[in-house]
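Data from model_11.tsv: TSV, C-alpha atoms
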```
chain	number	residue	atom	x	y	z
A	26	MET	CA	73.12	-22.92	39.90
A	27	ASN	CA	70.64	-25.24	41.56
A	28	GLU	CA	69.70	-27.85	38.92
A	29	SER	CA	66.30	-28.46	40.55
A	30	HIS	CA	65.14	-25.12	39.13
A	31	ILE	CA	65.99	-25.97	35.51
A	32	PRO	CA	62.97	-28.24	34.69
A	33	SER	CA	60.49	-25.65	36.03
A	34	GLU	CA	61.92	-22.87	33.85
A	35	ARG	CA	61.55	-24.70	30.53
A	36	PRO	CA	57.75	-25.17	30.57
A	37	GLN	CA	57.28	-21.58	31.70
A	38	THR	CA	59.46	-20.35	28.83
A	39	ILE	CA	57.59	-22.49	26.30
A	40	GLU	CA	54.25	-21.28	27.63
A	41	THR	CA	55.41	-17.69	27.40
A	42	GLN	CA	56.52	-18.25	23.80
A	43	HIS	CA	53.11	-19.69	22.92
A	44	GLN	CA	51.39	-16.70	24.48
A	45	GLU	CA	53.58	-14.28	22.53
A	46	THR	CA	52.90	-16.22	19.32
A	47	ASP	CA	49.15	-16.09	19.92
A	48	LEU	CA	49.46	-12.36	20.57
A	49	TYR	CA	51.28	-11.75	17.28
A	50	VAL	CA	48.81	-13.71	15.12
A	51	ALA	CA	45.60	-12.67	16.91
A	52	SER	CA	43.07	-10.56	15.05
A	53	GLN	CA	42.18	-7.03	16.11
A	54	TRP	CA	38.85	-8.10	17.61
A	55	LYS	CA	40.48	-10.90	19.59
A	56	LEU	CA	43.01	-8.45	21.02
A	57	ILE	CA	40.17	-6.11	21.99
A	58	TRP	CA	38.31	-8.98	23.68
A	59	TRP	CA	41.40	-10.09	25.63
A	60	LYS	CA	41.85	-6.56	26.90
A	61	PHE	CA	38.16	-5.95	27.50
A	62	ARG	CA	37.66	-9.01	29.69
A	63	LYS	CA	40.26	-7.67	32.13
A	64	HIS	CA	37.91	-4.77	32.82
A	65	LYS	CA	35.71	-6.48	35.44
A	66	LEU	CA	33.36	-3.53	35.91
A	67	ALA	CA	32.73	-3.39	32.16
A	68	LEU	CA	31.99	-7.13	32.08
A	69	ILE	CA	29.48	-6.80	34.92
A	70	SER	CA	27.91	-3.82	33.16
A	71	THR	CA	27.61	-5.84	29.96
A	72	VAL	CA	25.66	-8.56	31.77
A	73	ILE	CA	23.35	-5.98	33.36
A	74	ILE	CA	22.70	-4.25	30.04
A	75	LEU	CA	21.94	-7.55	28.30
A	76	LEU	CA	19.50	-8.48	31.06
A	77	MET	CA	17.78	-5.10	30.73
A	78	TYR	CA	17.35	-5.47	27.00
A	79	LEU	CA	16.04	-9.01	27.49
A	80	MET	CA	13.60	-7.59	30.02
A	81	ALA	CA	12.48	-5.01	27.46
A	82	GLY	CA	12.10	-7.64	24.74
A	83	PHE	CA	9.93	-9.92	26.90
A	84	ALA	CA	8.06	-7.18	28.78
A	85	GLU	CA	4.60	-8.68	28.25
A	86	PHE	CA	5.67	-12.05	29.61
A	87	LEU	CA	7.74	-10.74	32.53
A	88	SER	CA	5.23	-8.23	33.87
A	89	PRO	CA	2.34	-9.59	35.94
A	90	TYR	CA	-0.09	-7.00	34.54
A	91	VAL	CA	-0.58	-4.97	31.38
A	92	THR	CA	0.09	-1.25	31.48
A	93	ASP	CA	-3.48	0.07	31.35
A	94	THR	CA	-5.01	-2.08	34.10
A	95	THR	CA	-6.39	0.29	36.73
A	96	GLN	CA	-7.65	-0.50	40.23
A	97	SER	CA	-9.13	2.62	41.82
A	98	GLN	CA	-9.23	0.96	45.24
A	99	PHE	CA	-5.42	0.61	45.06
A	100	THR	CA	-4.63	4.29	44.42
A	101	TYR	CA	-1.11	4.95	45.76
A	102	ALA	CA	-1.02	1.48	47.30
A	103	PRO	CA	2.35	0.86	49.02
A	104	PRO	CA	4.80	-1.87	47.94
A	105	MET	CA	3.93	-5.46	48.85
A	106	PRO	CA	7.27	-7.22	49.47
A	107	ILE	CA	7.70	-10.91	48.73
A	108	HIS	CA	8.14	-13.32	51.65
A	109	ILE	CA	9.56	-16.84	51.45
A	110	PHE	CA	9.61	-17.78	55.14
A	111	ASP	CA	6.65	-18.48	57.40
A	112	GLU	CA	7.28	-19.23	61.06
A	113	GLY	CA	10.90	-20.03	60.27
A	114	LYS	CA	10.07	-22.45	57.45
A	115	LEU	CA	10.78	-22.04	53.74
A	116	VAL	CA	7.43	-21.85	51.91
A	117	ARG	CA	6.02	-20.83	48.56
A	118	PRO	CA	6.61	-17.10	47.90
A	119	TYR	CA	3.71	-14.94	49.04
A	120	VAL	CA	2.75	-11.37	49.87
A	121	TYR	CA	0.47	-10.03	52.54
A	122	SER	CA	-2.75	-8.41	51.45
A	123	LEU	CA	-3.57	-4.78	52.20
A	124	LYS	CA	-6.44	-3.33	54.21
A	125	GLN	CA	-7.85	0.13	53.62
A	126	GLU	CA	-8.83	2.48	56.40
A	127	ILE	CA	-10.01	6.07	56.41
A	128	GLU	CA	-7.95	8.34	58.62
A	129	PRO	CA	-10.52	10.22	60.77
A	130	GLU	CA	-8.56	13.47	61.02
A	131	ALA	CA	-7.43	13.96	57.39
A	132	LEU	CA	-10.23	11.81	55.90
A	133	ARG	CA	-7.74	10.16	53.58
A	134	ARG	CA	-7.27	6.53	52.61
A	135	VAL	CA	-4.57	4.68	54.52
A	136	PHE	CA	-3.27	1.19	53.70
A	137	THR	CA	-2.26	-1.25	56.40
A	138	VAL	CA	-0.84	-4.73	56.06
A	139	ASP	CA	-3.32	-7.55	56.59
A	140	TYR	CA	-1.17	-10.22	58.21
A	141	GLU	CA	-4.11	-12.61	58.27
A	142	THR	CA	-4.44	-12.80	54.48
A	143	LYS	CA	-1.64	-14.17	52.33
A	144	ILE	CA	-1.54	-14.04	48.53
A	145	PRO	CA	0.52	-16.96	47.18
A	146	LEU	CA	2.65	-16.36	44.09
A	147	GLY	CA	3.55	-18.80	41.36
A	148	LEU	CA	5.52	-19.15	38.14
A	149	PHE	CA	3.96	-19.32	34.66
A	150	VAL	CA	0.56	-18.36	35.98
A	151	HIS	CA	-2.56	-17.36	34.05
A	152	GLY	CA	-3.32	-13.67	34.26
A	153	GLU	CA	-4.46	-10.82	32.07
A	154	PRO	CA	-4.50	-11.63	28.34
A	155	TYR	CA	-2.04	-9.88	26.05
A	156	LYS	CA	-0.60	-10.18	22.57
A	157	PHE	CA	3.04	-11.27	22.77
A	158	TRP	CA	5.15	-9.18	20.37
A	159	GLY	CA	1.85	-8.23	18.74
A	160	ILE	CA	1.57	-11.73	17.24
A	161	TRP	CA	0.40	-14.39	19.73
A	162	ASP	CA	-2.56	-14.12	22.06
A	163	THR	CA	-1.79	-15.60	25.48
A	164	ASP	CA	-2.35	-15.00	29.19
A	165	ILE	CA	0.77	-16.72	30.59
A	166	HIS	CA	2.96	-14.53	32.81
A	167	LEU	CA	6.32	-15.43	34.32
A	168	PHE	CA	5.00	-14.89	37.82
A	169	GLY	CA	1.99	-13.51	39.58
A	170	PRO	CA	-0.74	-14.42	42.05
A	171	LEU	CA	-2.05	-17.96	41.72
A	172	ASN	CA	-5.56	-16.56	41.89
A	173	LYS	CA	-5.77	-13.94	39.15
A	174	GLU	CA	-8.66	-12.27	40.96
A	175	GLN	CA	-6.24	-11.18	43.67
A	176	VAL	CA	-4.14	-8.04	43.20
A	177	VAL	CA	-0.40	-7.73	43.84
A	178	ARG	CA	1.58	-4.48	43.74
A	179	LEU	CA	5.21	-5.46	44.34
A	180	ILE	CA	6.65	-1.93	44.36
A	181	GLY	CA	3.43	0.01	44.77
A	182	ALA	CA	0.81	1.62	42.56
A	183	ASP	CA	0.37	5.01	40.91
A	184	LYS	CA	-2.43	7.56	41.21
A	185	VAL	CA	-4.98	5.36	39.41
A	186	GLY	CA	-3.93	2.07	40.97
A	187	ARG	CA	-1.79	0.72	38.11
A	188	ASP	CA	1.04	-1.66	38.93
A	189	LEU	CA	4.26	0.37	38.90
A	190	PHE	CA	6.45	-2.73	38.54
A	191	SER	CA	4.73	-3.78	35.30
A	192	ARG	CA	4.82	-0.25	33.92
A	193	MET	CA	8.54	0.02	34.63
A	194	ILE	CA	9.18	-3.17	32.64
A	195	TYR	CA	7.09	-1.89	29.75
A	196	GLY	CA	8.80	1.50	30.00
A	197	ALA	CA	12.20	-0.14	29.54
A	198	ARG	CA	11.16	-1.13	26.01
A	199	ILE	CA	10.74	2.47	24.83
A	200	SER	CA	13.49	4.08	26.93
A	201	LEU	CA	16.12	1.52	25.89
A	202	SER	CA	15.04	1.21	22.26
A	203	ILE	CA	14.95	4.96	21.71
A	204	GLY	CA	18.62	5.02	22.70
A	205	LEU	CA	19.54	2.33	20.16
A	206	VAL	CA	17.43	3.70	17.31
A	207	GLY	CA	18.44	7.31	17.98
A	208	VAL	CA	22.14	6.49	18.18
A	209	ALA	CA	21.91	4.37	15.01
A	210	ILE	CA	20.50	7.35	13.09
A	211	SER	CA	23.03	9.73	14.65
A	212	PHE	CA	25.82	7.28	13.83
A	213	ALA	CA	24.76	7.06	10.17
A	214	LEU	CA	24.54	10.85	9.83
A	215	GLY	CA	27.79	11.40	11.71
A	216	VAL	CA	29.80	8.88	9.67
A	217	LEU	CA	28.34	10.09	6.36
A	218	LEU	CA	28.71	13.84	6.88
A	219	GLY	CA	31.89	13.60	8.95
A	220	GLY	CA	33.44	11.27	6.37
A	221	ILE	CA	32.57	13.59	3.49
A	222	SER	CA	33.92	16.57	5.43
A	223	GLY	CA	37.21	14.91	6.31
A	224	TYR	CA	37.79	13.08	3.03
A	225	TYR	CA	37.13	15.88	0.56
A	226	GLY	CA	37.91	18.97	2.64
A	227	GLY	CA	37.71	22.38	1.02
A	228	GLY	CA	34.36	24.13	0.68
A	229	ILE	CA	32.35	21.02	1.60
A	230	ASP	CA	34.32	20.73	4.83
A	231	ASP	CA	33.73	24.40	5.66
A	232	LEU	CA	29.99	24.13	5.01
A	233	ILE	CA	29.50	21.02	7.14
A	234	GLN	CA	31.61	22.42	9.98
A	235	ARG	CA	29.62	25.66	10.01
A	236	VAL	CA	26.37	23.65	10.25
A	237	ILE	CA	27.84	21.64	13.13
A	238	GLU	CA	28.96	24.78	14.94
A	239	PHE	CA	25.52	26.33	14.47
A	240	LEU	CA	23.72	23.27	15.89
A	241	ARG	CA	26.11	23.01	18.83
A	242	SER	CA	25.70	26.68	19.66
A	243	LEU	CA	21.93	26.40	20.10
A	244	PRO	CA	20.71	26.06	23.72
A	245	THR	CA	19.45	22.52	24.19
A	246	ILE	CA	16.30	22.98	26.27
A	247	PRO	CA	14.73	25.76	24.12
A	248	LEU	CA	15.59	23.79	20.99
A	249	TRP	CA	13.88	20.69	22.40
A	250	MET	CA	10.86	22.75	23.38
A	251	GLY	CA	10.55	24.25	19.92
A	252	LEU	CA	10.92	20.92	18.13
A	253	ALA	CA	8.55	19.12	20.49
A	254	ALA	CA	5.95	21.88	20.05
A	255	ALA	CA	6.10	21.33	16.29
A	256	ILE	CA	4.82	17.75	16.68
A	257	PRO	CA	1.00	17.61	16.39
A	258	HIS	CA	-0.58	16.22	19.55
A	259	ASN	CA	-3.23	14.34	17.58
A	260	TRP	CA	-0.66	12.07	15.96
A	261	PRO	CA	-0.72	8.35	16.82
A	262	SER	CA	1.57	7.29	19.65
A	263	LEU	CA	3.88	5.30	17.39
A	264	ARG	CA	4.39	8.27	15.06
A	265	ILE	CA	5.18	10.54	18.00
A	266	TYR	CA	7.72	7.98	19.26
A	267	PHE	CA	9.58	7.91	15.95
A	268	SER	CA	9.33	11.69	15.62
A	269	ILE	CA	10.99	12.21	19.01
A	270	THR	CA	13.65	9.67	18.07
A	271	ILE	CA	14.44	11.41	14.79
A	272	LEU	CA	14.51	14.84	16.45
A	273	LEU	CA	16.99	13.63	19.07
A	274	SER	CA	19.10	12.08	16.31
A	275	LEU	CA	19.16	15.27	14.25
A	276	ILE	CA	20.62	17.08	17.25
A	277	GLY	CA	23.01	14.36	18.41
A	278	TRP	CA	24.99	13.55	15.24
A	279	THR	CA	27.43	16.45	15.48
A	280	GLY	CA	29.78	14.84	18.01
A	281	MET	CA	30.24	11.69	15.93
A	282	ALA	CA	30.76	13.78	12.78
A	283	ARG	CA	33.59	15.71	14.45
A	284	VAL	CA	35.31	12.48	15.51
A	285	VAL	CA	34.99	10.89	12.06
A	286	ARG	CA	36.22	14.05	10.35
A	287	GLY	CA	39.32	14.15	12.51
A	288	ARG	CA	40.11	10.50	11.82
A	289	PHE	CA	39.57	10.92	8.07
A	290	LEU	CA	41.90	13.93	7.94
A	291	VAL	CA	44.64	11.73	9.38
A	292	LEU	CA	43.87	8.54	7.44
A	293	ARG	CA	43.54	10.03	3.96
A	294	THR	CA	47.31	10.53	3.78
A	295	GLU	CA	48.20	7.10	5.17
A	296	ASP	CA	50.10	4.67	2.93
A	297	PHE	CA	47.35	2.03	2.75
A	298	VAL	CA	44.81	4.64	1.59
A	299	VAL	CA	47.20	6.02	-1.04
A	300	CYS	CA	47.92	2.47	-2.24
A	301	ALA	CA	44.22	1.72	-2.53
A	302	ARG	CA	43.74	4.82	-4.69
A	303	LEU	CA	46.70	3.94	-6.90
A	304	ASP	CA	45.26	0.43	-7.27
A	305	GLY	CA	42.19	1.94	-8.88
A	306	ALA	CA	39.74	1.55	-6.00
A	307	SER	CA	36.73	3.82	-6.10
A	308	GLU	CA	36.35	6.54	-3.50
A	309	LEU	CA	33.38	4.75	-1.94
A	310	ARG	CA	35.42	1.55	-1.60
A	311	VAL	CA	38.36	3.44	-0.13
A	312	ILE	CA	36.09	4.97	2.50
A	313	LEU	CA	34.00	1.91	3.38
A	314	ARG	CA	36.56	-0.87	2.86
A	315	HIS	CA	39.74	0.75	4.12
A	316	MET	CA	39.19	3.93	6.15
A	317	VAL	CA	36.09	3.19	8.22
A	318	PRO	CA	37.22	-0.29	9.42
A	319	SER	CA	40.50	1.15	10.64
A	320	PHE	CA	38.74	2.88	13.55
A	321	THR	CA	35.61	0.74	13.90
A	322	SER	CA	36.54	-0.17	17.47
A	323	HIS	CA	36.72	3.50	18.39
A	324	MET	CA	33.29	4.13	16.86
A	325	ILE	CA	31.78	1.22	18.81
A	326	ALA	CA	33.05	2.75	22.03
A	327	SER	CA	31.68	6.16	21.00
A	328	ILE	CA	28.28	4.64	20.21
A	329	THR	CA	28.14	2.93	23.60
A	330	LEU	CA	28.91	6.22	25.33
A	331	SER	CA	26.28	8.04	23.24
A	332	ILE	CA	23.36	5.78	24.17
A	333	PRO	CA	23.14	7.08	27.79
A	334	GLY	CA	22.89	10.65	26.50
A	335	MET	CA	20.02	9.68	24.21
A	336	ILE	CA	18.19	7.90	27.04
A	337	MET	CA	18.68	10.90	29.33
A	338	SER	CA	17.38	13.23	26.62
A	339	GLU	CA	14.19	11.20	26.16
A	340	THR	CA	13.69	10.96	29.92
A	341	ALA	CA	14.16	14.70	30.37
A	342	LEU	CA	11.80	15.57	27.51
A	343	SER	CA	9.10	13.20	28.74
A	344	PHE	CA	9.52	14.37	32.34
A	345	LEU	CA	9.03	17.98	31.23
A	346	GLY	CA	5.96	17.00	29.21
A	347	LEU	CA	7.66	17.78	25.88
A	348	GLY	CA	8.41	14.25	24.72
A	349	LEU	CA	6.42	11.06	24.87
A	350	GLN	CA	2.99	11.22	26.43
A	351	PRO	CA	0.52	8.63	27.75
A	352	PRO	CA	-0.66	6.09	26.70
A	353	LEU	CA	2.98	5.45	25.75
A	354	VAL	CA	4.99	4.23	28.72
A	355	SER	CA	8.63	5.17	29.23
A	356	TRP	CA	10.70	5.88	32.32
A	357	GLY	CA	10.37	9.59	31.63
A	358	VAL	CA	6.58	9.31	31.35
A	359	LEU	CA	6.48	7.41	34.67
A	360	LEU	CA	8.50	10.16	36.33
A	361	GLN	CA	5.87	12.72	35.38
A	362	ASP	CA	3.88	11.47	38.35
A	363	ALA	CA	6.81	12.44	40.59
A	364	GLN	CA	6.65	16.13	39.65
A	365	ASN	CA	4.17	16.83	42.42
A	366	ILE	CA	5.86	17.13	45.83
A	367	ARG	CA	2.66	16.06	47.57
A	368	ALA	CA	2.46	12.92	45.44
A	369	VAL	CA	6.10	12.06	46.18
A	370	ALA	CA	5.50	12.59	49.91
A	371	THR	CA	2.48	10.30	49.73
A	372	ALA	CA	4.04	7.69	47.45
A	373	PRO	CA	7.87	7.92	47.39
A	374	TRP	CA	8.03	4.73	45.32
A	375	LEU	CA	7.08	6.85	42.30
A	376	LEU	CA	10.77	7.82	42.14
A	377	ILE	CA	11.90	4.21	41.59
A	378	PRO	CA	11.97	4.60	37.76
A	379	ALA	CA	14.72	7.19	38.28
A	380	LEU	CA	16.88	4.44	39.82
A	381	LEU	CA	16.53	2.42	36.61
A	382	VAL	CA	17.66	5.43	34.58
A	383	ILE	CA	20.67	5.91	36.87
A	384	VAL	CA	21.66	2.22	36.74
A	385	THR	CA	21.29	2.10	32.95
A	386	VAL	CA	23.33	5.25	32.37
A	387	LEU	CA	26.08	4.12	34.75
A	388	THR	CA	26.37	0.62	33.28
A	389	LEU	CA	26.44	1.96	29.71
A	390	ASN	CA	29.17	4.42	30.68
A	391	PHE	CA	31.20	1.64	32.33
A	392	LEU	CA	30.73	-0.50	29.23
A	393	GLY	CA	31.81	2.37	26.99
A	394	ASP	CA	34.88	3.05	29.13
A	395	GLY	CA	35.84	-0.63	28.93
A	396	LEU	CA	35.44	-0.70	25.16
A	397	ARG	CA	37.36	2.54	24.76
A	398	ASP	CA	40.27	1.24	26.86
A	399	ALA	CA	40.27	-2.07	25.02
A	400	ALA	CA	40.26	-0.38	21.63
A	401	ASP	CA	43.07	2.02	22.53
A	402	PRO	CA	46.20	0.69	20.78
A	403	TYR	CA	48.44	2.77	23.05
A	404	GLY	CA	46.85	1.68	26.32
A	405	ARG	CA	48.43	-0.84	28.61
```

Could you rewrite the structure in this file as structure tokens?
Amino acid sequence: MNESHIPSERPQTIETQHQETDLYVASQWKLIWWKFRKHKLALISTVIILLMYLMAGFAEFLSPYVTDTTQSQFTYAPPMPIHIFDEGKLVRPYVYSLKQEIEPEALRRVFTVDYETKIPLGLFVHGEPYKFWGIWDTDIHLFGPLNKEQVVRLIGADKVGRDLFSRMIYGARISLSIGLVGVAISFALGVLLGGISGYYGGGIDDLIQRVIEFLRSLPTIPLWMGLAAAIPHNWPSLRIYFSITILLSLIGWTGMARVVRGRFLVLRTEDFVVCARLDGASELRVILRHMVPSFTSHMIASITLSIPGMIMSETALSFLGLGLQPPLVSWGVLLQDAQNIRAVATAPWLLIPALLVIVTVLTLNFLGDGLRDAADPYGR
């Protein structure tokens, strides 16, 4: 044997032993994290999702305009892209202004780029006043035109001249939060009813399973239409928002309940559960302290995969005019303007909110797949 290879083998063996030792003593969450970080697509999706929720949390500050600011002279104004070069030199970001002309044949308004007029942009500029988080009055925006009298429409305007970019940022707050709140309620109902069904069995199990089968057998669209029609239209916007959230939750808890029931049927005969009962632990403690934590990682993955479905449900309801309505702003409400083929042909940028829905759903699914693979004890 070549002796020159002996010194290089010893450190590698010691390092391998340390890694195996760390693996044996690591907690469940640390093992999940080690496995999750190998899923590159899930990590990228996590960053995107965090940025989206930060965008929703700071919507007032990030958007250059508030949602109800209308400019009739900018009806269906096209996007105004940002430029950072002028005659080959790096300059302050700016956009070109727009000129309006009347087409003589169709007698319709047409926008053309005014290359003679530049609108400089800046950071932390003064703009329209707003109340940040409903607490502080301020007019500071992350970016916008240096002269607040000038108008900028980065990705275009809608039928009344409102800034689509600002409305998309505001819409993220409702569309993303309704997924979290709705899934939280569905999760609570699913764990409670599914746990009761799987833990006790018997007549209670039969009753809950028949209710689940009945709810799952109902056609989704007619059920949404009936429930949405039951909401009075004269209710305040905030009450309608929570009503839609609760209705979606009452429909979406059945899947989680089935999963929890199946896990409880298996776990209630496990040795650690039997030992906890023999030790005198109450049934509530056995469920919450011993049974639920044993598959918490699986529930987290299920929750992550359920949020896209809730977001899609709200978007579909609002798009069909059955969910949230103006003055509330969500991605589904914004897509109502894209129902008219003539409007889409005139202003195709009205479909941009659909891209946000697609990106959000895809990233949440990638994140859920990564968590599910990381939490799988039998995966590689």

Distance table requested - region 150-236 of chain A against region 353-367 of chain A, cut-off 9 Å, only C-alpha atoms: one row per qualifying residue with the closest atom pair and its distance in Å to one decimal, ordered by chain and rising residue number, as JSON lines.
```
{"residue": "A:Asp183", "atom": "CA", "partner": "A:Asp362", "partner_atom": "CA", "distance": 7.8}
{"residue": "A:Lys184", "atom": "CA", "partner": "A:Asp362", "partner_atom": "CA", "distance": 8.0}
{"residue": "A:Leu189", "atom": "CA", "partner": "A:Leu359", "partner_atom": "CA", "distance": 8.5}
{"residue": "A:Arg192", "atom": "CA", "partner": "A:Val354", "partner_atom": "CA", "distance": 6.9}
{"residue": "A:Met193", "atom": "CA", "partner": "A:Trp356", "partner_atom": "CA", "distance": 6.7}
{"residue": "A:Tyr195", "atom": "CA", "partner": "A:Val354", "partner_atom": "CA", "distance": 6.6}
{"residue": "A:Gly196", "atom": "CA", "partner": "A:Ser355", "partner_atom": "CA", "distance": 3.8}
{"residue": "A:Ala197", "atom": "CA", "partner": "A:Ser355", "partner_atom": "CA", "distance": 6.4}
{"residue": "A:Arg198", "atom": "CA", "partner": "A:Ser355", "partner_atom": "CA", "distance": 7.5}
{"residue": "A:Ile199", "atom": "CA", "partner": "A:Ser355", "partner_atom": "CA", "distance": 5.6}
{"residue": "A:Ser200", "atom": "CA", "partner": "A:Ser355", "partner_atom": "CA", "distance": 5.5}
{"residue": "A:Leu201", "atom": "CA", "partner": "A:Ser355", "partner_atom": "CA", "distance": 9.0}
```

Quick one: write out the picked residues with C-alpha atoms as a compact mmCIF listing (two decimals), in the coordinates of the input?
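Done, and the output landed in selection15.txt:
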```
# COMPACT_ATOMS: atom_id res chain seq x y z
CA ASP A 183 0.37 5.01 40.91
CA LYS A 184 -2.43 7.56 41.21
CA LEU A 189 4.26 0.37 38.90
CA ARG A 192 4.82 -0.25 33.92
CA MET A 193 8.54 0.02 34.63
CA TYR A 195 7.09 -1.89 29.75
CA GLY A 196 8.80 1.50 30.00
CA ALA A 197 12.20 -0.14 29.54
CA ARG A 198 11.16 -1.13 26.01
CA ILE A 199 10.74 2.47 24.83
CA SER A 200 13.49 4.08 26.93
CA LEU A 201 16.12 1.52 25.89
```

**OP:** Identify, on the basis of all atoms listed in the file, every residue whose closest approach to region 315-319 of chain A does not exceed 12 Å; exclude the query and any residue fewer than 4 positions from it along the same chain; express the result as a ChimeraX atom specification.
**Re:** /A:53-54,216-217,219-221,223-224,284-286,288-302,306-311,323-325,400,402

Original post:
To one decimal place, how far is CA of Tyr101 (chain A) from CA of Gly186 (chain A) in Å?
Top reply: 6.3 Å

**OP:** Mind giving me the straight-line distance from CA of Phe212 (chain A) to CA of Thr279 (chain A) in Å, one decimal?
**Re:** 9.5 Å

Original post:
What gap, in Å, lies between CA of Trp158 (chain A) and CA of Asn390 (chain A)?
Top reply: 29.5 Å

Subject >> Who sits within 9 Å of Leu392 (chain A), all atoms listed in the file, same chain under 4 positions skipped, as JSON, numbers by chain >> reply: {"A": [66, 67, 68, 69, 70, 71, 74, 326, 329, 330, 387, 388, 396, 397]}

So that I can check the surroundings of Val206 (chain A), please list as a compact mmCIF listing (two decimals) with C-alpha atoms, keeping the file's coordinate frame every protein, DNA and RNA residue that reaches within 10 Å of it, counting all atoms listed in the file and ignoring chain neighbours fewer than 4 positions away.
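Saved to around_23.txt:
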```txt
# COMPACT_ATOMS: atom_id res chain seq x y z
CA LEU A 201 16.12 1.52 25.89
CA SER A 202 15.04 1.21 22.26
CA ILE A 210 20.50 7.35 13.09
CA SER A 211 23.03 9.73 14.65
CA PHE A 212 25.82 7.28 13.83
CA PHE A 267 9.58 7.91 15.95
CA THR A 270 13.65 9.67 18.07
CA ILE A 271 14.44 11.41 14.79
CA SER A 274 19.10 12.08 16.31
CA ILE A 332 23.36 5.78 24.17
CA MET A 335 20.02 9.68 24.21
```

**OP:** Counting only C-alpha atoms, figure out which residue out of A:Ser268, A:Asn172, A:Ser242, A:Gln234 gets nearest to Gly152 (chain A).
**Re:** A:Asn172

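Here the question is which of A:Arg133, A:Arg241, A:His108, A:His258 gets nearest to Leu275 (chain A) using only C-alpha atoms, and that residue is A:Arg241.
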
Could you list, with a cut-off of 12 Å and counting only C-alpha atoms, the residues of region 315-351 of chain A near region 243-253 of chain A, each shown with its nearest atom pair and the distance in Å rounded to one decimal, rows sorted by chain and ascending number, as a Markdown table?
```
| residue | atom | partner | partner_atom | distance |
| --- | --- | --- | --- | --- |
| A:Ser338 | CA | A:Trp249 | CA | 9.3 |
| A:Glu339 | CA | A:Trp249 | CA | 10.2 |
| A:Ala341 | CA | A:Ile246 | CA | 9.5 |
| A:Leu342 | CA | A:Trp249 | CA | 7.5 |
| A:Ser343 | CA | A:Ala253 | CA | 10.2 |
| A:Leu345 | CA | A:Met250 | CA | 9.4 |
| A:Gly346 | CA | A:Ala253 | CA | 9.3 |
| A:Leu347 | CA | A:Ala253 | CA | 5.6 |
| A:Gly348 | CA | A:Ala253 | CA | 6.5 |
| A:Leu349 | CA | A:Ala253 | CA | 9.4 |
| A:Gln350 | CA | A:Ala253 | CA | 11.3 |
```

Original post:
Which residue out of A:Asp188, A:Ala282, A:Leu232, A:Ala81 has the minimum interatomic distance to Leu214 (chain A) when all atoms listed in the file are used?
Top reply: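 Smallest distance to Leu214 (chain A) is found for A:Ala282.
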
Take the structure in the block and write a file for region 218-244 of chain A, C-alpha atoms, as a CSV table (one decimal), in the first residue's frame.
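Everything below was put into part.csv:
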```
chain,number,residue,atom,x,y,z
A,218,LEU,CA,-62.7,17.2,13.6
A,219,GLY,CA,-60.2,14.8,12.0
A,220,GLY,CA,-58.6,14.2,15.4
A,221,ILE,CA,-61.9,13.5,17.1
A,222,SER,CA,-62.9,11.2,14.2
A,223,GLY,CA,-59.7,9.2,14.3
A,224,TYR,CA,-59.1,9.1,18.0
A,225,TYR,CA,-62.6,8.1,19.2
A,226,GLY,CA,-63.9,6.2,16.1
A,227,GLY,CA,-67.3,4.6,16.3
A,228,GLY,CA,-70.4,6.6,15.8
A,229,ILE,CA,-68.6,10.0,16.0
A,230,ASP,CA,-66.2,8.8,13.2
A,231,ASP,CA,-69.2,7.7,11.0
A,232,LEU,CA,-71.0,11.0,11.5
A,233,ILE,CA,-68.0,13.2,10.7
A,234,GLN,CA,-67.0,11.1,7.7
A,235,ARG,CA,-70.6,11.3,6.3
A,236,VAL,CA,-70.4,15.1,6.6
A,237,ILE,CA,-67.1,15.2,4.8
A,238,GLU,CA,-68.4,13.0,2.0
A,239,PHE,CA,-71.5,15.2,1.7
A,240,LEU,CA,-69.4,18.4,1.4
A,241,ARG,CA,-66.9,16.8,-1.1
A,242,SER,CA,-69.8,15.6,-3.3
A,243,LEU,CA,-71.2,19.1,-3.8
A,244,PRO,CA,-70.2,20.8,-7.1
```
